[in-house]
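> Please find one structure pasted underneath; my questions will follow.
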Amino acid sequence: MKNIKTTILSNQEVSPDYYRMKILAPGISDLAQPGQFVMFRAQATDEPLLRRPFGIFQTGTLPSDCDGLPDKEFVEILYKVVGRGTAIMRELHEGDRVEVLGPLGRGFELADDGREQILVGGGIGLVPLYMLASELVKKNKVRLLIGGRSRKDVLMVTEFERLGVETYVSTDDGTLGEQGPVTQVLERKLSKFPDAVVYACGPMPMLEAVFRICQPRQVALQVSLEAFMACGVGACLGCVVKGAGHSEQQPHYLCTCKEGPVFRAEELDWELLEKRVNEGEHSHE
Amino acid sequence: MKNIKTTILSNQEVSPDYYRMKILAPGISDLAQPGQFVMFRAQATDEPLLRRPFGIFQTGTLPSDCDGLPDKEFVEILYKVVGRGTAIMRELHEGDRVEVLGPLGRGFELADDGREQILVGGGIGLVPLYMLASELVKKNKVRLLIGGRSRKDVLMVTEFERLGVETYVSTDDGTLGEQGPVTQVLERKLSKFPDAVVYACGPMPMLEAVFRICQPRQVALQVSLEAFMACGVGACLGCVVKGAGHSEQQPHYLCTCKEGPVFRAEELDWELLEKRVNEGEHSHE
Amino acid sequence: MSEMLLSAGSTADGPDLAVEFAGLRLKNPVMPASGTFGYGEEYSPYMDLNRLGAIVTKGLSLRPKAGNPTPRIAETNGGMLNAIGLQNVGVDAFVEQKLPFLKEVQTPVIVNFFGNSLEEYGQAAQRLSQIDEIAAVELNISCPNVKRGGIVFGTDPGAAAEVVSLVRRHFNKPLIVKLTPNVTDITVIARAVEEAGADAISCINTLTGLAVDIRRRRPRLANGTGGLSGPALRPLAVRMVYQVVQAVSLPVIGVGGIMSAEDALEFLIAGAHAVQVGTANFVDPAAMINIVDGLKQFCQEEGVAGISELIGTLRC
Amino acid sequence: MSEMLLSAGSTADGPDLAVEFAGLRLKNPVMPASGTFGYGEEYSPYMDLNRLGAIVTKGLSLRPKAGNPTPRIAETNGGMLNAIGLQNVGVDAFVEQKLPFLKEVQTPVIVNFFGNSLEEYGQAAQRLSQIDEIAAVELNISCPNVKRGGIVFGTDPGAAAEVVSLVRRHFNKPLIVKLTPNVTDITVIARAVEEAGADAISCINTLTGLAVDIRRRRPRLANGTGGLSGPALRPLAVRMVYQVVQAVSLPVIGVGGIMSAEDALEFLIAGAHAVQVGTANFVDPAAMINIVDGLKQFCQEEGVAGISELIGTLRC
Ligand SMILES: Cc1cc2nc3c(=O)[nH]c(=O)nc-3n(C[C@H](O)[C@H](O)[C@H](O)COP(=O)(O)OP(=O)(O)OC[C@H]3O[C@@H](n4cnc5c(N)ncnc54)[C@H](O)[C@@H]3O)c2cc1C
Ligand SMILES: Cc1cc2nc3c(=O)[nH]c(=O)nc-3n(C[C@H](O)[C@H](O)[C@H](O)COP(=O)(O)OP(=O)(O)OC[C@H]3O[C@@H](n4cnc5c(N)ncnc54)[C@H](O)[C@@H]3O)c2cc1C
Ligand SMILES: Cc1cc2nc3c(=O)[nH]c(=O)nc-3n(C[C@H](O)[C@H](O)[C@H](O)COP(=O)(O)O)c2cc1C
Ligand SMILES: Cc1cc2nc3c(=O)[nH]c(=O)nc-3n(C[C@H](O)[C@H](O)[C@H](O)COP(=O)(O)O)c2cc1C
Ligand code: FES
Ligand code: FES
């Protein structure tokens, strides 16, 4: 784990509002596990104040430019422009100075013991699944179910296919792949491969739906969560999520940044998870 | 006077830490008078919060790029990197979006009635004198006395000479021109041309010294001042300077942004001016 | 588009931004904060003053006031400190030199004023009550810069009530009282001011701060301390507006760190009937106009016919 | 370089950053602010904890505490709001699980703690007094998030004195009391706390703020309000530190919005004996180390032999 001031190697638009950024990151690149993330900040900006968390899309090494310098170990992130921080990121260029802290958090446990491997992702949730898939394909057949509202929310299909992953696309509006929710495809696959293990990352309602399908079938499920984060290392307790057994009387919180972002489904309190965004019922303290 | 969102035409280093920036500024360019200034802000930055004041170095028109667009009326500023705002400015490129408010303030009165015209400037204080000189040379012989601590503080000599201005350089350490303060040269010139009018811009101690020389000789003197500014238009009253006749009992403040930045020497309270930076004697209110 | 298609309260121009409170009817809820907009004139080359909900003047005192020595302003992170010291031309010069210009503008004029003693407050109120062109006054009991002025009145409920009662006696148009955030419990002051006869509350003035020039080991302001304004302050201001709205039944004008329509909406949703924009004017003279336009757009996007439907809709 | 050339107080390594106050001797005046540095361990992969002047823990209570629902944090301009709700493992788990790690670090450990009642404060103090490895405690009477906790004690001089006296009775190592900025006059609380037996004062905790999600018309924090921290707050914190330093004879630890050595120096020059760094740790885990290095460099540039020569040198 390292906190480095470094430079950007490349920053390219891959589809409207989606960008891939390669960051020179020796000492982070080599340690990164699928499902881990980094805290990122463009060095020039004080606004926004806090670093932003991004999943590690992939790691790798670029050959040196014959300039006598060592090979360039990089971390690559894939981000969607949604607000102030990411709007600033889109303007960055090769050579710009940035700060990166990582690799952070607990990644996916590879359950690559011969069982069917099913990945479920939507939108930007595909990011951590890519690095996971690159690991899993070494020993297993990997299936990826990609869901999205519409054609434009479906990313990286070719990249996954190039890894040898079998991809199934579904969109709510039918503009790409089959029409309907990704869970419809998941149900079919699980009927066929009841012993499969499932890894999921995406919006909360999708994860919820995936959980509702996996739980009665006793399918092993790991999910990667998001949360507002300030520190990324377990120090601020800002990013917690309700753990299994949580109650008002006996609260049980887990740090998304440190105990996650990947959790086994049974570690979480799914009843309350869903309510996360709707909290605020509580009176002022 | 206009408040525009516009773009940068060019931003070039002229010597270490000094930059010239041309800004597309129709509606400002054509109104600007020598000694006036603009309030500037790079559109992307919220930190620093406030706009920064910069004297107008020159205005002009760039021919259109044969792209069918109209000619490009620009305002040019010349700035020194001293802090956060100017550090951000140095990184800006052609095409970057900026906000400019101007032209602001009261510029120099052209006393070009045949009298000798003497300009005295130091460091970044040369900025407003350049546009002034370009006006004055139309009708008069113009002499510029440039002072600075050292060779590197002396800028733009060739530019002024190209206008037809006779320049006299002096530095404290003698690394360029004559050794000694610029006021030494001024004294010589005023002995020769006792009817001259003087225009000065530069650090406060230099202006002070210029005033001490001009006053007993009853030489007409205009000085351009700096002050911290928030609004630049006379609304916040943050930029005031003590006017002639100021006293604790009968205070008399002038807005540097609106009633200045150029003042006739007799409008100011020179006793108290000097103390400006040392104020803070006052007890808490 | 047929009239029939318009929902109640909206006009052919889209959502209705008009607000009504304390006997004032404003075409929209956006006005400058006192002291950041001079006497109106200063910004008139850059904007159409007719587009504002109201104009609020620099704080006036009965007699002219010279203000503090310089430096008077210093920038901080997300904000600025000021210690102008309430420099102003005085009521008479205002009437002679500034009001004629404001009369030509189709926007209500609110005069912010203060005194350095109870007596001065009373005299100023009396003098202001004679000026027809003033739509309302805003009583500054909260300026943190003047030794024997604002701070004494604004931080003590008894003193606040006393000065408000006195001014109330001399002034029968809408009386807005502007509160300081430099207190333990702003609702105590708000209630005192309500009982004393205020018609509305402006909330908040600046927060007292100190910035140090570390090389010179001196305060960066000649006055020592100054008032913090700007976006840094906004969460504090929104909190206090919400508290005051809950505590009293007077309408509240929200002020503190508003830079954009989104910021203004935080205050309106928290219960403010109008907003004042201060430091943002310095950052961008177009700020208030952009906010007015942004409010309209937000109403459109959210499908509400008028801005007043949004006021006080915060669910805590 | 010969020893002879060194001015008093400086060492071969350059200026001396050591500070001494309230019976503590710290190698430098820089320490984390409670709640922003976990229990020390969390940041240990990124920095050498031995380089800090002290380590201050997350606020502890006698029994573990679960904290508030989420979202617990929201970013604002130049700052952030938090309503963690004082989630902590409790004193016993701290001693068992966290302290062993801290024992290995050559840096004094200061335990921040709180209670939800007088009784709880007393019990926690008693329990903490039994732990040898603790160099000092920091009593949080200022947390704005807990209904029956901090705020009651920290805003009322009588209540503040009561809790400090009680804790004082149970605890004979250095007792630091941390004040809230949410008060009209912080010197009143500071004096009460001094008389009640505090050895030092930390100044300040967070300022209560509210941020609104304008689309959902809900507070952005589940708790409603939260505590504002970060550089936005700094001018307020520096002002209050200066006021407290003038008002009492206790040493003061400055905290609020420190991001850089320059920021830390504002507090030291205003009279603080040490500084705490909070939100800056999130922005850059190297912040405190950079500050330590920057303080040394500043002393060198200014030609002072030791940082303590700079403390309280502000001329107002
Ligand atoms: C562990 C983790 C991994 C992530 N991986 C990726 C990734 O690979 N690619 C990617 O594009 N994004 C990822 N995110 C989300 C990313 O951090 C946010 O999109 C980003 O912080 C938004 O910054 P902003 O300044 O542009 O948006 P803001 O202006 O801060 O906010 C814009 C919108 O984004 C939401 N938002 C802001 N911060 C977060 C956050 N931390 N988590 C969730 N929502 C947030 C806000 O509620 C708001 O609606 C990840 C988040 C986490 C916690
Ligand atoms: C009417 C006017 C015309 C000016 N013309 C020019 C010009 O042509 N070229 C040029 O380079 N500079 C000019 N200046 C000064 C310029 O505005 C400041 O250098 C600039 O604002 C510094 O911004 P910063 O963020 O880089 O510095 P900051 O980080 O804000 O401060 C760095 C240093 O600059 C000083 N400073 C900051 N703002 C001002 C200010 N408004 N006036 C004086 N000192 C300040 C600070 O005290 C500090 O020591 C002018 C100022 C005024 C008032
Ligand atoms: C330069 C300046 C001058 C001010 N003068 C006054 C004043 O005369 N009377 C007053 O009531 N408030 C005055 N204020 C306070 C503002 O009206 C406003 O309450 C405060 O700035 C917070 O709003 P903002 O963050 O939008 O600036 C002044 C503020 C600034 C920045
Ligand atoms: C996430 C977070 C948690 C905090 N928890 C505590 C706490 O447990 N006890 C305490 O006394 N202060 C707590 N604080 C307040 C800080 O210690 C500090 O006083 C405040 O953040 C101001 O400093 P800063 O601007 O450097 O962050 C917390 C602050 C933050 C941001
Ligand atoms: S982000 Fe700070 S604890 Fe997780
Ligand atoms: S800068 Fe605002 S009055 Fe001059």
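Naming works like this for the structure tokens: A, B, ... for the chains as they're shown, residue 1 at the start of each chain, ligands 1 onward in shown order.
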If you count only C-alpha atoms and all ligand atoms, which residues end up within 6 Å of ligand 4, as a tab-separated table (two decimals) with C-alpha atoms, in the first residue's frame?

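Okay, selection.tsv is ready:
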```tsv
chain	number	residue	atom	x	y	z
A	236	CYS	CA	-12.89	8.17	9.33
D	33	ALA	CA	-7.09	15.42	15.27
D	34	SER	CA	-9.28	12.87	16.96
D	35	GLY	CA	-11.52	10.87	14.65
D	36	THR	CA	-9.50	11.48	11.54
D	58	LYS	CA	-10.74	8.35	17.74
D	59	GLY	CA	-13.06	9.43	20.55
D	82	ASN	CA	-19.48	14.49	9.17
D	86	LEU	CA	-18.80	8.78	17.62
D	140	ASN	CA	-14.44	15.88	24.15
D	204	ILE	CA	-11.72	23.75	18.06
D	205	ASN	CA	-14.06	20.90	17.26
D	206	THR	CA	-16.38	21.03	14.24
D	229	SER	CA	-14.28	20.54	9.22
D	230	GLY	CA	-11.54	21.41	6.77
D	231	PRO	CA	-9.84	24.58	5.52
D	255	VAL	CA	-7.09	22.60	15.40
D	256	GLY	CA	-9.31	23.41	12.44
D	257	GLY	CA	-8.53	23.41	8.75
D	258	ILE	CA	-4.80	22.91	8.88
D	277	VAL	CA	-4.44	17.95	11.73
D	278	GLY	CA	-7.78	16.40	10.81
D	279	THR	CA	-9.43	16.51	7.42
```
> Restrict the calculation to only C-alpha atoms and all ligand atoms, then for each residue of chain D with any atom at most 12 Å from an atom of ligand 1 give the closest atom pair and their distance in Å to one decimal, rows by chain and rising residue number, as CSV.

```
residue,atom,partner,partner_atom_place_in_ligand_line,distance
D:Pro71,CA,ligand 1,47 (O),9.8
D:Arg72,CA,ligand 1,41 (N),11.8
D:Ile73,CA,ligand 1,41 (N),10.0
D:Ala74,CA,ligand 1,30 (O),8.6
D:Glu75,CA,ligand 1,30 (O),7.4
D:Thr76,CA,ligand 1,30 (O),9.6
D:Asn77,CA,ligand 1,29 (O),11.3
D:Met80,CA,ligand 1,30 (O),11.5
D:Val212,CA,ligand 1,47 (O),11.8
D:Asp213,CA,ligand 1,47 (O),9.1
D:Ile214,CA,ligand 1,49 (O),11.1
D:Arg215,CA,ligand 1,49 (O),10.1
D:Arg216,CA,ligand 1,49 (O),11.0
D:Arg220,CA,ligand 1,47 (O),8.9
D:Leu221,CA,ligand 1,47 (O),11.1
```
> Using only C-alpha atoms and all ligand atoms, which residues have at least one atom no more than 7 Å from ligand 5? Output them as a list in words.
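Using only C-alpha atoms and all ligand atoms, I find these residues within 7 Å of ligand 5: Phe228, Met229, Ala230, Cys231, Gly232, Val233, Gly234, Ala235, Cys236, Leu237, Gly238, Cys239, Val240, Cys255, Thr256, Cys257 and Lys258 of chain A.
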> I need the chosen residues saved as a PDB file, in the first residue's frame, with N, CA and C atoms.

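Resulting contents of part.pdb:
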```pdb
ATOM      1  N   PHE A 228     -19.882   6.805  -0.035  1.00  0.00           N
ATOM      2  CA  PHE A 228     -19.097   8.027   0.075  1.00  0.00           C
ATOM      3  C   PHE A 228     -17.888   7.728   0.942  1.00  0.00           C
ATOM      4  N   MET A 229     -16.743   8.167   0.504  1.00  0.00           N
ATOM      5  CA  MET A 229     -15.534   7.893   1.275  1.00  0.00           C
ATOM      6  C   MET A 229     -14.756   9.179   1.487  1.00  0.00           C
ATOM      7  N   ALA A 230     -14.176   9.311   2.672  1.00  0.00           N
ATOM      8  CA  ALA A 230     -13.279  10.439   2.906  1.00  0.00           C
ATOM      9  C   ALA A 230     -11.839   9.937   2.910  1.00  0.00           C
ATOM     10  N   CYS A 231     -11.556   8.892   3.714  1.00  0.00           N
ATOM     11  CA  CYS A 231     -10.156   8.480   3.882  1.00  0.00           C
ATOM     12  C   CYS A 231      -9.774   7.278   3.035  1.00  0.00           C
ATOM     13  N   GLY A 232     -10.656   6.318   2.894  1.00  0.00           N
ATOM     14  CA  GLY A 232     -10.344   5.116   2.119  1.00  0.00           C
ATOM     15  C   GLY A 232      -9.532   4.072   2.867  1.00  0.00           C
ATOM     16  N   VAL A 233      -9.188   4.348   4.136  1.00  0.00           N
ATOM     17  CA  VAL A 233      -8.314   3.417   4.855  1.00  0.00           C
ATOM     18  C   VAL A 233      -8.891   2.954   6.195  1.00  0.00           C
ATOM     19  N   GLY A 234     -10.146   3.286   6.471  1.00  0.00           N
ATOM     20  CA  GLY A 234     -10.740   2.821   7.724  1.00  0.00           C
ATOM     21  C   GLY A 234     -10.591   3.781   8.880  1.00  0.00           C
ATOM     22  N   ALA A 235     -10.125   4.989   8.615  1.00  0.00           N
ATOM     23  CA  ALA A 235      -9.848   5.928   9.709  1.00  0.00           C
ATOM     24  C   ALA A 235     -11.024   6.839  10.040  1.00  0.00           C
ATOM     25  N   CYS A 236     -11.854   7.159   9.073  1.00  0.00           N
ATOM     26  CA  CYS A 236     -12.887   8.170   9.334  1.00  0.00           C
ATOM     27  C   CYS A 236     -14.241   7.580   9.704  1.00  0.00           C
ATOM     28  N   LEU A 237     -14.464   6.329   9.349  1.00  0.00           N
ATOM     29  CA  LEU A 237     -15.732   5.648   9.606  1.00  0.00           C
ATOM     30  C   LEU A 237     -16.899   6.310   8.869  1.00  0.00           C
ATOM     31  N   GLY A 238     -16.594   6.927   7.767  1.00  0.00           N
ATOM     32  CA  GLY A 238     -17.631   7.606   7.000  1.00  0.00           C
ATOM     33  C   GLY A 238     -18.358   6.696   6.029  1.00  0.00           C
ATOM     34  N   CYS A 239     -17.764   5.571   5.687  1.00  0.00           N
ATOM     35  CA  CYS A 239     -18.217   4.774   4.539  1.00  0.00           C
ATOM     36  C   CYS A 239     -18.921   3.498   4.938  1.00  0.00           C
ATOM     37  N   VAL A 240     -19.399   3.441   6.176  1.00  0.00           N
ATOM     38  CA  VAL A 240     -19.882   2.151   6.677  1.00  0.00           C
ATOM     39  C   VAL A 240     -21.168   1.685   6.009  1.00  0.00           C
ATOM     40  N   CYS A 255     -16.850  -1.230   7.454  1.00  0.00           N
ATOM     41  CA  CYS A 255     -16.258  -0.206   6.606  1.00  0.00           C
ATOM     42  C   CYS A 255     -16.199  -0.677   5.165  1.00  0.00           C
ATOM     43  N   THR A 256     -16.856   0.049   4.281  1.00  0.00           N
ATOM     44  CA  THR A 256     -16.794  -0.324   2.867  1.00  0.00           C
ATOM     45  C   THR A 256     -15.359  -0.249   2.348  1.00  0.00           C
ATOM     46  N   CYS A 257     -14.600   0.709   2.861  1.00  0.00           N
ATOM     47  CA  CYS A 257     -13.262   0.915   2.315  1.00  0.00           C
ATOM     48  C   CYS A 257     -12.268  -0.140   2.777  1.00  0.00           C
ATOM     49  N   LYS A 258     -12.490  -0.690   3.962  1.00  0.00           N
ATOM     50  CA  LYS A 258     -11.470  -1.578   4.512  1.00  0.00           C
ATOM     51  C   LYS A 258     -11.963  -3.004   4.604  1.00  0.00           C
TER      52      LYS A 258
END
```
> If you count only C-alpha atoms, which residues fall within 10 Å of Pro32 (chain D), apart from same-chain ones fewer than 6 positions away, as number ranges by chain?
D: 38, 40, 52-58, 110, 255, 275-281, 287-288
> Given a cut-off of 6 Å, what residues near ligand 2 show up using only C-alpha atoms and all ligand atoms, put as number ranges by chain?
B: 37, 52-55, 78-87, 124, 127, 226-229, 261
> Write out as an mmCIF file with all heavy atoms, in the first residue's frame each polymer residue whose atoms come within 6 Å of Ala18 (chain D), counting only C-alpha atoms; drop sequence neighbours fewer than 2 positions from it.

```
data_model
loop_
_atom_site.group_PDB
_atom_site.id
_atom_site.type_symbol
_atom_site.label_atom_id
_atom_site.label_comp_id
_atom_site.auth_asym_id
_atom_site.auth_seq_id
_atom_site.Cartn_x
_atom_site.Cartn_y
_atom_site.Cartn_z
ATOM 1 N N ASP D 16 14.995 23.200 16.261
ATOM 2 C CA ASP D 16 14.395 22.296 17.223
ATOM 3 C C ASP D 16 12.878 22.451 17.201
ATOM 4 O O ASP D 16 12.360 23.528 17.468
ATOM 5 C CB ASP D 16 14.939 22.657 18.610
ATOM 6 C CG ASP D 16 14.456 21.686 19.674
ATOM 7 O OD1 ASP D 16 13.829 20.670 19.302
ATOM 8 O OD2 ASP D 16 14.711 21.953 20.855
ATOM 9 N N LEU D 26 6.837 16.897 23.590
ATOM 10 C CA LEU D 26 6.601 16.311 22.264
ATOM 11 C C LEU D 26 7.763 16.663 21.343
ATOM 12 O O LEU D 26 8.279 17.772 21.390
ATOM 13 C CB LEU D 26 5.304 16.851 21.661
ATOM 14 C CG LEU D 26 4.055 16.805 22.556
ATOM 15 C CD1 LEU D 26 2.844 17.323 21.780
ATOM 16 C CD2 LEU D 26 3.799 15.404 23.084
ATOM 17 N N LYS D 27 8.136 15.711 20.474
ATOM 18 C CA LYS D 27 9.294 15.995 19.600
ATOM 19 C C LYS D 27 8.974 17.045 18.552
ATOM 20 O O LYS D 27 9.868 17.686 18.005
ATOM 21 C CB LYS D 27 9.867 14.711 18.998
ATOM 22 C CG LYS D 27 8.904 13.802 18.249
ATOM 23 C CD LYS D 27 9.659 12.636 17.630
ATOM 24 C CE LYS D 27 9.134 11.241 17.784
ATOM 25 N NZ LYS D 27 7.907 10.797 18.272
ATOM 26 N N ASN D 28 7.706 17.199 18.297
ATOM 27 C CA ASN D 28 7.270 18.311 17.446
ATOM 28 C C ASN D 28 5.807 18.587 17.762
ATOM 29 O O ASN D 28 5.150 17.765 18.405
ATOM 30 C CB ASN D 28 7.504 18.001 15.954
ATOM 31 C CG ASN D 28 6.625 16.877 15.465
ATOM 32 O OD1 ASN D 28 5.399 16.944 15.529
ATOM 33 N ND2 ASN D 28 7.250 15.790 14.984
#
```
